[in-house]
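What's in my_file31.cif: mmCIF, C-alpha atoms
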data_input
loop_
_atom_site.label_atom_id
_atom_site.label_comp_id
_atom_site.auth_asym_id
_atom_site.auth_seq_id
_atom_site.Cartn_x
_atom_site.Cartn_y
_atom_site.Cartn_z
CA GLY J 1 143.37 -223.54 103.73
CA ALA J 2 142.68 -225.53 100.61
CA VAL J 3 139.05 -226.56 100.20
CA VAL J 4 139.72 -228.94 97.33
CA SER J 5 142.54 -231.40 97.80
CA GLN J 6 144.01 -233.39 94.94
CA HIS J 7 146.32 -236.34 95.35
CA PRO J 8 148.95 -237.19 94.29
CA SER J 9 150.57 -233.95 93.19
CA ARG J 10 153.06 -235.78 91.04
CA VAL J 11 153.22 -239.33 89.69
CA ILE J 12 155.49 -241.18 87.32
CA CYS J 13 154.29 -244.49 85.92
CA LYS J 14 155.30 -247.01 83.31
CA SER J 15 153.50 -247.36 80.01
CA GLY J 16 150.61 -249.77 80.23
CA THR J 17 149.89 -249.26 83.90
CA SER J 18 146.94 -247.42 85.42
CA VAL J 19 147.04 -244.38 87.65
CA LYS J 20 144.35 -243.11 90.01
CA ILE J 21 144.01 -239.46 90.93
CA GLU J 22 141.81 -238.36 93.81
CA CYS J 23 139.91 -235.12 94.24
CA ARG J 24 138.36 -234.35 97.61
CA SER J 25 136.21 -231.46 98.73
CA LEU J 26 137.25 -230.76 102.30
CA ASP J 27 134.73 -228.32 103.72
CA PHE J 28 131.67 -228.93 101.61
CA GLN J 29 129.78 -231.56 99.72
CA ALA J 30 130.07 -231.54 95.97
CA THR J 31 127.51 -233.35 93.85
CA THR J 32 129.45 -232.24 90.79
CA MET J 33 133.18 -232.07 90.22
CA PHE J 34 135.08 -231.27 87.05
CA TRP J 35 138.22 -232.79 85.61
CA TYR J 36 140.51 -230.76 83.38
CA ARG J 37 143.67 -231.45 81.47
CA GLN J 38 146.29 -228.80 80.88
CA PHE J 39 149.05 -229.05 78.31
CA PRO J 40 152.21 -226.96 78.69
CA LYS J 41 151.57 -223.27 78.04
CA GLN J 42 147.99 -224.01 77.12
CA SER J 43 144.61 -223.55 78.62
CA LEU J 44 142.56 -225.97 80.66
CA MET J 45 140.48 -228.36 78.64
CA LEU J 46 137.42 -229.80 80.32
CA MET J 47 137.57 -233.57 80.13
CA ALA J 48 134.46 -234.59 82.03
CA THR J 49 131.90 -233.67 84.62
CA SER J 50 131.77 -236.05 87.53
CA ASN J 51 128.31 -236.57 89.02
CA GLU J 52 127.83 -238.13 92.45
CA GLY J 53 125.92 -241.37 92.23
CA SER J 54 125.66 -241.42 88.46
CA LYS J 55 127.76 -241.68 85.34
CA ALA J 56 130.19 -238.97 84.41
CA THR J 57 129.54 -236.75 81.43
CA TYR J 58 132.48 -236.75 79.05
CA GLU J 59 133.41 -234.03 76.61
CA GLN J 60 133.64 -234.80 72.94
CA GLY J 61 136.85 -236.57 72.05
CA VAL J 62 137.58 -237.84 75.56
CA GLU J 63 137.71 -241.64 75.76
CA LYS J 64 135.46 -242.91 78.52
CA ASP J 65 137.25 -246.23 78.79
CA LYS J 66 140.60 -244.52 78.99
CA PHE J 67 139.71 -241.98 81.64
CA LEU J 68 137.50 -243.67 84.19
CA ILE J 69 135.71 -241.38 86.59
CA ASN J 70 134.07 -242.48 89.81
CA HIS J 71 132.17 -240.14 92.13
CA ALA J 72 131.12 -242.51 94.88
CA SER J 73 130.60 -239.97 97.64
CA LEU J 74 129.75 -236.31 98.02
CA THR J 75 133.35 -235.46 98.84
CA LEU J 76 135.40 -237.67 96.57
CA SER J 77 135.83 -238.08 92.84
CA THR J 78 138.55 -240.19 91.25
CA LEU J 79 140.04 -240.16 87.78
CA THR J 80 141.80 -243.31 86.67
CA VAL J 81 144.01 -243.15 83.60
CA THR J 82 143.98 -246.70 82.32
CA SER J 83 146.74 -248.31 80.26
CA ALA J 84 148.67 -245.07 80.33
CA HIS J 85 150.85 -244.04 77.42
CA PRO J 86 153.43 -241.25 77.13
CA GLU J 87 150.90 -239.07 75.28
CA ASP J 88 148.75 -239.12 78.44
CA SER J 89 151.50 -237.22 80.24
CA SER J 90 149.96 -233.95 81.31
CA PHE J 91 148.77 -231.82 84.21
CA TYR J 92 145.36 -232.90 85.47
CA ILE J 93 143.29 -230.56 87.62
CA CYS J 94 139.96 -231.04 89.35
CA SER J 95 137.50 -228.44 90.55
CA ALA J 96 134.45 -228.44 92.77
CA GLY J 97 132.00 -225.87 94.03
CA GLY J 98 131.44 -224.56 90.54
CA GLU J 99 134.32 -222.52 89.24
CA ALA J 100 135.45 -221.38 92.65
CA PHE J 101 137.78 -224.07 93.90
CA PHE J 102 140.48 -226.01 92.15
CA GLY J 103 142.75 -228.75 93.35
CA GLN J 104 146.48 -228.34 93.32
CA GLY J 105 146.81 -230.42 90.17
CA THR J 106 148.55 -233.71 89.40
CA ARG J 107 151.55 -233.87 87.12
CA LEU J 108 151.42 -237.26 85.39
CA THR J 109 154.50 -238.48 83.55
CA VAL J 110 154.27 -241.78 81.69
CA VAL J 111 157.62 -243.33 80.81
CA GLY Z 1 132.21 -221.64 68.44
CA GLU Z 2 132.90 -220.47 71.93
CA ASP Z 3 136.34 -219.04 72.39
CA VAL Z 4 138.33 -216.96 74.86
CA GLU Z 5 141.49 -215.20 73.76
CA GLN Z 6 144.16 -213.38 75.67
CA SER Z 7 147.65 -212.19 75.00
CA LEU Z 8 150.29 -214.69 76.05
CA PHE Z 9 152.84 -212.51 77.77
CA LEU Z 10 153.08 -209.26 79.75
CA SER Z 11 156.10 -207.73 81.41
CA VAL Z 12 155.89 -204.83 83.87
CA ARG Z 13 158.12 -203.16 86.44
CA GLU Z 14 157.45 -203.59 90.13
CA GLY Z 15 155.15 -200.84 91.37
CA ASP Z 16 153.56 -200.24 87.98
CA SER Z 17 150.02 -201.27 87.07
CA SER Z 18 149.44 -204.38 84.99
CA VAL Z 19 146.54 -204.68 82.60
CA ILE Z 20 145.67 -208.08 81.21
CA ASN Z 21 143.13 -208.18 78.42
CA CYS Z 22 140.75 -210.87 77.28
CA THR Z 23 138.10 -211.23 74.58
CA TYR Z 24 135.35 -213.78 74.40
CA THR Z 25 132.76 -214.77 71.86
CA ASP Z 26 129.62 -215.93 73.65
CA SER Z 27 127.28 -212.97 73.98
CA SER Z 28 125.08 -214.92 76.39
CA SER Z 29 127.84 -215.56 78.92
CA THR Z 30 126.72 -215.12 82.52
CA TYR Z 31 129.91 -214.85 84.56
CA LEU Z 32 133.49 -213.97 83.68
CA TYR Z 33 136.40 -215.02 85.84
CA TRP Z 34 140.03 -214.29 86.45
CA TYR Z 35 142.30 -216.98 87.88
CA LYS Z 36 145.94 -217.02 88.93
CA GLN Z 37 148.15 -220.05 88.48
CA GLU Z 38 151.59 -220.28 90.01
CA PRO Z 39 154.12 -222.84 88.69
CA GLY Z 40 153.07 -226.43 89.32
CA ALA Z 41 149.91 -225.42 91.14
CA GLY Z 42 146.18 -225.40 90.52
CA LEU Z 43 144.11 -222.35 89.75
CA GLN Z 44 143.19 -219.74 92.32
CA LEU Z 45 140.02 -217.77 91.68
CA LEU Z 46 140.98 -214.11 91.97
CA THR Z 47 137.75 -212.40 91.12
CA TYR Z 48 134.69 -212.66 88.94
CA ILE Z 49 132.13 -210.34 87.45
CA PHE Z 50 128.53 -210.89 86.55
CA SER Z 51 127.74 -210.07 82.95
CA ASN Z 52 125.38 -207.23 83.80
CA MET Z 53 128.13 -205.32 85.61
CA ASP Z 54 130.77 -203.19 83.94
CA MET Z 55 133.25 -202.84 86.75
CA LYS Z 56 134.30 -204.54 89.93
CA GLN Z 57 137.05 -203.52 92.30
CA ASP Z 58 138.63 -205.66 94.97
CA GLN Z 59 141.68 -204.16 96.70
CA ARG Z 60 144.44 -204.00 94.07
CA LEU Z 61 142.31 -205.70 91.44
CA THR Z 62 139.95 -203.91 89.07
CA VAL Z 63 137.90 -205.78 86.51
CA LEU Z 64 136.38 -203.94 83.58
CA LEU Z 65 133.79 -205.52 81.31
CA ASN Z 66 132.71 -204.13 77.97
CA LYS Z 67 129.86 -206.43 77.07
CA LYS Z 68 129.24 -204.79 73.71
CA ASP Z 69 132.80 -205.51 72.58
CA LYS Z 70 133.01 -208.75 74.60
CA HIS Z 71 136.17 -207.47 76.21
CA LEU Z 72 137.31 -208.11 79.76
CA SER Z 73 140.36 -206.71 81.51
CA LEU Z 74 142.10 -207.21 84.81
CA ARG Z 75 144.11 -204.36 86.26
CA ILE Z 76 146.55 -205.07 89.07
CA ALA Z 77 147.64 -201.91 90.84
CA ASP Z 78 151.11 -201.61 92.39
CA THR Z 79 152.26 -204.88 90.86
CA GLN Z 80 154.61 -206.88 93.04
CA THR Z 81 157.07 -209.66 92.20
CA GLY Z 82 154.70 -212.07 93.96
CA ASP Z 83 152.14 -211.29 91.28
CA SER Z 84 154.30 -213.06 88.69
CA ALA Z 85 152.16 -215.97 87.50
CA ILE Z 86 149.88 -217.04 84.69
CA TYR Z 87 146.49 -215.35 84.65
CA PHE Z 88 143.55 -217.08 83.03
CA CYS Z 89 140.41 -215.44 81.84
CA ALA Z 90 137.31 -217.67 81.68
CA GLU Z 91 133.67 -217.29 80.79
CA LYS Z 92 130.65 -219.24 81.83
CA THR Z 93 128.70 -219.56 78.64
CA GLY Z 94 124.97 -219.49 78.16
CA GLY Z 95 125.22 -223.27 77.87
CA PHE Z 96 126.78 -223.35 81.38
CA LYS Z 97 130.18 -224.49 80.20
CA THR Z 98 133.28 -222.73 81.46
CA ILE Z 99 135.73 -221.85 78.71
CA PHE Z 100 139.27 -220.81 79.60
CA GLY Z 101 141.70 -218.65 77.70
CA ALA Z 102 145.25 -219.86 77.11
CA GLY Z 103 146.57 -217.71 79.94
CA THR Z 104 148.73 -214.58 80.11
CA ARG Z 105 152.14 -215.00 81.68
CA LEU Z 106 152.87 -211.94 83.82
CA PHE Z 107 156.50 -211.23 84.52
CA VAL Z 108 157.28 -208.56 87.11
CA LYS Z 109 160.73 -207.00 87.00
CA ALA Z 110 162.20 -205.78 90.27
#

Can you turn what I pasted into structure tokens?
Amino acid sequence: GAVVSQHPSRVICKSGTSVKIECRSLDFQATTMFWYRQFPKQSLMLMATSNEGSKATYEQGVEKDKFLINHASLTLSTLTVTSAHPEDSSFYICSAGGEAFFGQGTRLTVV
Amino acid sequence: GEDVEQSLFLSVREGDSSVINCTYTDSSSTYLYWYKQEPGAGLQLLTYIFSNMDMKQDQRLTVLLNKKDKHLSLRIADTQTGDSAIYFCAEKTGGFKTIFGAGTRLFVKA
């Protein structure tokens, strides 16, 4: 079964609203989780590294205030897309346990 | 900068072997990975190889690594229609970042 669970798998929201995506490690504790963004027919781009109990590390060009990451426990990291706009529409994927385990992904559509 | 490149598309007949190629730039990479992504899903780690190895076999999958040329390949023997997916090559760089290629879309014809 899946060892990293991501929820929701699909979400549609209105411009200006915020959306929260959850990433859970089911069978292990993860002090570090990764958040990626994938554009159609393109590779995964690392957005940030989520660290349990401390601030996330963001990649260059990723707005910290736009993409809020919280890693409050050893099994849960959340990504909140704040004040979403249509250009934020994308496929967001989390991973934990190094490069071994990925969530199912979340398709975000902002209308 | 660090980069991973792979061809975007491969079409094979069912039962044939598929070979997906990848090149990378970081000579100090530690691990190299192959992932499979089916439509609308996350990535599934298929196999990986440590940078001091030149070959790894796992059932129908064979990974070849030419470190000198920074070339990685994934061979799928007896390709089935269920193998149709996007395959991503990735490297863990010396700076411990994981860089992904753009993915190769494998289409298997029955």

**Message:** Applying 9 Å and all atoms listed in the file, which residues near Asp78 of chain Z remain after dropping the ones on its own chain fewer than 2 positions away? List them as a ChimeraX atom specification.
**Reply:** /Z:14-18,60,76,80

Pick out the chain Z residues within 8 Å of chain J. Count all atoms listed in the file. Give them as a compact mmCIF listing (two decimals) with C-alpha atoms, in the frame of the given file.
# COMPACT_ATOMS: atom_id res chain seq x y z
CA GLY Z 40 153.07 -226.43 89.32
CA ALA Z 41 149.91 -225.42 91.14
CA GLY Z 42 146.18 -225.40 90.52
CA LEU Z 43 144.11 -222.35 89.75
CA GLN Z 44 143.19 -219.74 92.32
CA LEU Z 45 140.02 -217.77 91.68
CA PHE Z 88 143.55 -217.08 83.03
CA THR Z 98 133.28 -222.73 81.46
CA PHE Z 100 139.27 -220.81 79.60
CA GLY Z 101 141.70 -218.65 77.70
CA ALA Z 102 145.25 -219.86 77.11
CA GLY Z 103 146.57 -217.71 79.94

**Request:** Kindly indicate which residue among Z:Leu32, Z:Ala110, Z:Ile20, Z:Leu46 lies nearest to Thr81 of chain Z, using only C-alpha atoms for the distances.
**Result:**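 So, comparing all the options, the nearest one is Z:Ala110.
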
**Distance of atom CA of Val108 of chain Z from atom CA of Val4 of chain J, expressed in Å to one decimal place** =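 Taking atom CA of Val4 of chain J and atom CA of Val108 of chain Z, their separation equals 28.8 Å.
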
**Item:** Spatial neighbours of Thr78 of chain J, max dist 6 Å, only C-alpha atoms, sep filter under 4 positions, as a count of residues only
**Value:** 4

**Message:** When you look at Thr82 of chain J with a cut-off of 8 Å (counting only C-alpha atoms), what residues show up, excluding the ones that are within fewer than 4 positions of it in the same chain? I need them as a list in words.
**Reply:**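 Close residues of Thr82 of chain J: Gly16, Thr17, Ser18, Val19, Asp65, Lys66, Phe67 and Leu68 of chain J.
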
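Neighbouring residues of Asn52 of chain Z at 12 Å or closer, counting all atoms listed in the file and skipping chain neighbours under 4 positions away, are Z:Ser27, Z:Ser28, Z:Ser29, Z:Thr30, Z:Tyr31, Z:Leu32, Z:Tyr48, Z:Lys56, Z:Leu64, Z:Leu65, Z:Asn66, Z:Lys67, Z:Lys68.
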
**Request:** Could you tell me which of Z:Trp34, Z:Gly82, Z:Thr25, Z:Leu106 comes closest to Gly94 of chain Z if we count all atoms listed in the file?
**Result:**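 That would be Z:Thr25, the residue with the smallest distance to Gly94 of chain Z.
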
**Message:** One number please: atom CA of Asp26 of chain Z to atom CA of Phe39 of chain J, in Å, one decimal.
**Reply:**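 Result for atom CA of Asp26 of chain Z versus atom CA of Phe39 of chain J: 23.9 Å, one decimal.
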